[in-house]
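Let me begin by presenting the structure, written as structure tokens, before commenting on it.
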Amino acid sequence: MSPEVGELNESAIDEGMQSDPDATMALLADLTAATDPKLRELAKNLAGRLMLDVAQKTPLRRRGLGKLVTAKYLDGGDIDLDASTDAFRGVHNAREIHIEELRARTWEKRDTALCLLVDRSGSMGGAPLATSAVAAAAIATREPSDYSVLAFSRDVVVAKSQDSYKPGNEVVNSVLTLRGFGTTDIAQALEAAQAQLARSRAARKIVVLLSDCRSNEPGDIDAAARTIEELVVIAPADDDAEARAFAHRVGARVTSVTGPTDIPGALAHVLNS
């Protein structure tokens with residue numbers, strides 16, 4: 001893929017994405033840490049584009065339309081005669097009905113806010129790093145105006161905060177700069193996610209935890225998880241026993257993935273169920 005110093009063979013990468021996309025993205029993720037700065041930058045830019053493309057291939061359907069409410073009649077909805085009684089009083093005396101007096105039954109939009117928690121403890125490179133980057137891309141694609149991405153080990157690093165704008169490719173590139181480091185403090189990470197989502201005014205708030213859920217720092221992760229309005233867990237398929245046990249204890253939804261290309265479908269499953 002890199003025939004010369006500072007070069008990247010995009011044709012070989014295209015072939016790799018056709019034959020083995022997971023392995024190709026894993027290799028690209030590793031190349032984002034190459035010692036050669038030109039190659040590193042090329043790999044980072046290409047990886048960001050490819051991962052956003054992979055993330056967009058599986059549509060992430062929003063769950064439901066929201067709830068039926070009575071609101072002011074503006075441009076749509078069925079007029080609620082019972083709620084509009086005051087508007088019709090005195091009509092027999094030729095009083096003009098003002099539109100702002102009318103009430104309608106309409107669907108209230110249920111906005112969603114997401115916070116992605118990426119476990120960067122232990123080994124973080126290759127396939128795990130690519131999987132995390134695709135997850136960030138998928139979250140950015142689903143809720144481009146209200147999401148955050150946090151990476152955690154013993155400490156929490158903010159790749160994108162809830163109330164700031166950052167282009168999706170830059171968020172993906174921020175994740176690609178991560179490498180494995182330190183122990184795992186899931187309780188602190190969940191608290192940080194809660195703080196991020198508190199900045200949102202969305203009706204539905206979801207934390208997506210990408211981890212094997214094996215915490216080795218002090219802190220009650222079950223108690224922290226139970227303060228989360230809605231928690232979904234995505235774990236590696238070859239090491240998901242602890243994650244499934246944790247999800248069962250705290251009432252979270254859980255699924256597992258074998259590699260980066262599984263992420264869009266896994267997210268669609270846990271977020272829409």
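By convention in this document, the chains of the structure tokens carry letters A, B, ... by their order, each chain's residues are numbered from 1, and ligands are numbered from 1 in the order they are shown.
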
### Residue contacts of Glu242 of chain A (10 Å, only C-alpha atoms) excluding same-chain residues fewer than 4 positions away, as a PyMOL selection string
chain A and resi 211-215+235+246-248

### Query
Which polymer residues have any atom within 10 Å of an atom of Thr183 of chain A, counting only C-alpha atoms, with same-chain residues fewer than 5 positions away left out, as a PyMOL selection string?
chain A and resi 119-122+152-155+214-217

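You can rank A:Val158, A:Ala268, A:Ile234, A:Ile221 by their closest distance to Val250 of chain A using only C-alpha atoms, and at the top of that list sits A:Ile221.
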
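The nearest approach to Ala130 of chain A among the residues A:Val257, A:Ala26, A:Leu39, A:Ala189, with only C-alpha atoms taken into account, belongs to A:Ala26.
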
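For segment 195-206 of chain A, the non-local neighbours within 6 Å, defined as residues at least 4 positions apart in the same chain or in other chains and counting only C-alpha atoms, are Arg110, Asp111, Thr112, Ala113, Leu114, Gln162, Glu230 and Leu231 of chain A.
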
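When only C-alpha atoms are used to compute distances to Phe181 of chain A, the closest of the residues A:Ala193, A:Leu150, A:Val254, A:Met124 turns out to be A:Met124.
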
### Query
atom CA of Glu143 of chain A and atom CA of Pro167 of chain A are how many Å apart?
12.0 Å

### Task
Among the residues of segment 198-247 of chain A, find those DSSP assigns to strand (DSSP E or B) from the backbone and print them as number ranges by chain.
A: 204-210, 231-236

### Contacts of Ala34 of chain A at 9 Å (only C-alpha atoms; same-chain gap of 6+ positions) as JSON, numbers by chain
{"A": [40, 41, 43]}

Write to file, as a CSV table (one decimal), in the first residue's frame, the residues of the selection just made, with N, CA and C atoms.
```csv
chain,number,residue,atom,x,y,z
A,40,ARG,N,1.7,9.5,7.1
A,40,ARG,CA,0.7,9.6,8.2
A,40,ARG,C,-0.5,10.5,7.8
A,41,GLU,N,-0.2,11.6,7.2
A,41,GLU,CA,-1.3,12.5,6.9
A,41,GLU,C,-2.1,11.9,5.8
A,43,ALA,N,-2.6,8.8,5.1
A,43,ALA,CA,-3.4,7.7,5.7
A,43,ALA,C,-4.6,8.2,6.5
```

### Query
atom CA of Ala23 of chain A to atom CA of Ala127 of chain A: how many Å, to one decimal?
7.2 Å

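With distances restricted to only C-alpha atoms, A:Arg179 is the closest residue to Thr32 of chain A from A:Arg249, A:Lys57, A:Arg244, A:Arg179.
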
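The two atoms in question, atom CA of Arg253 of chain A and atom CA of Val233 of chain A, are spaced 6.2 Å apart.
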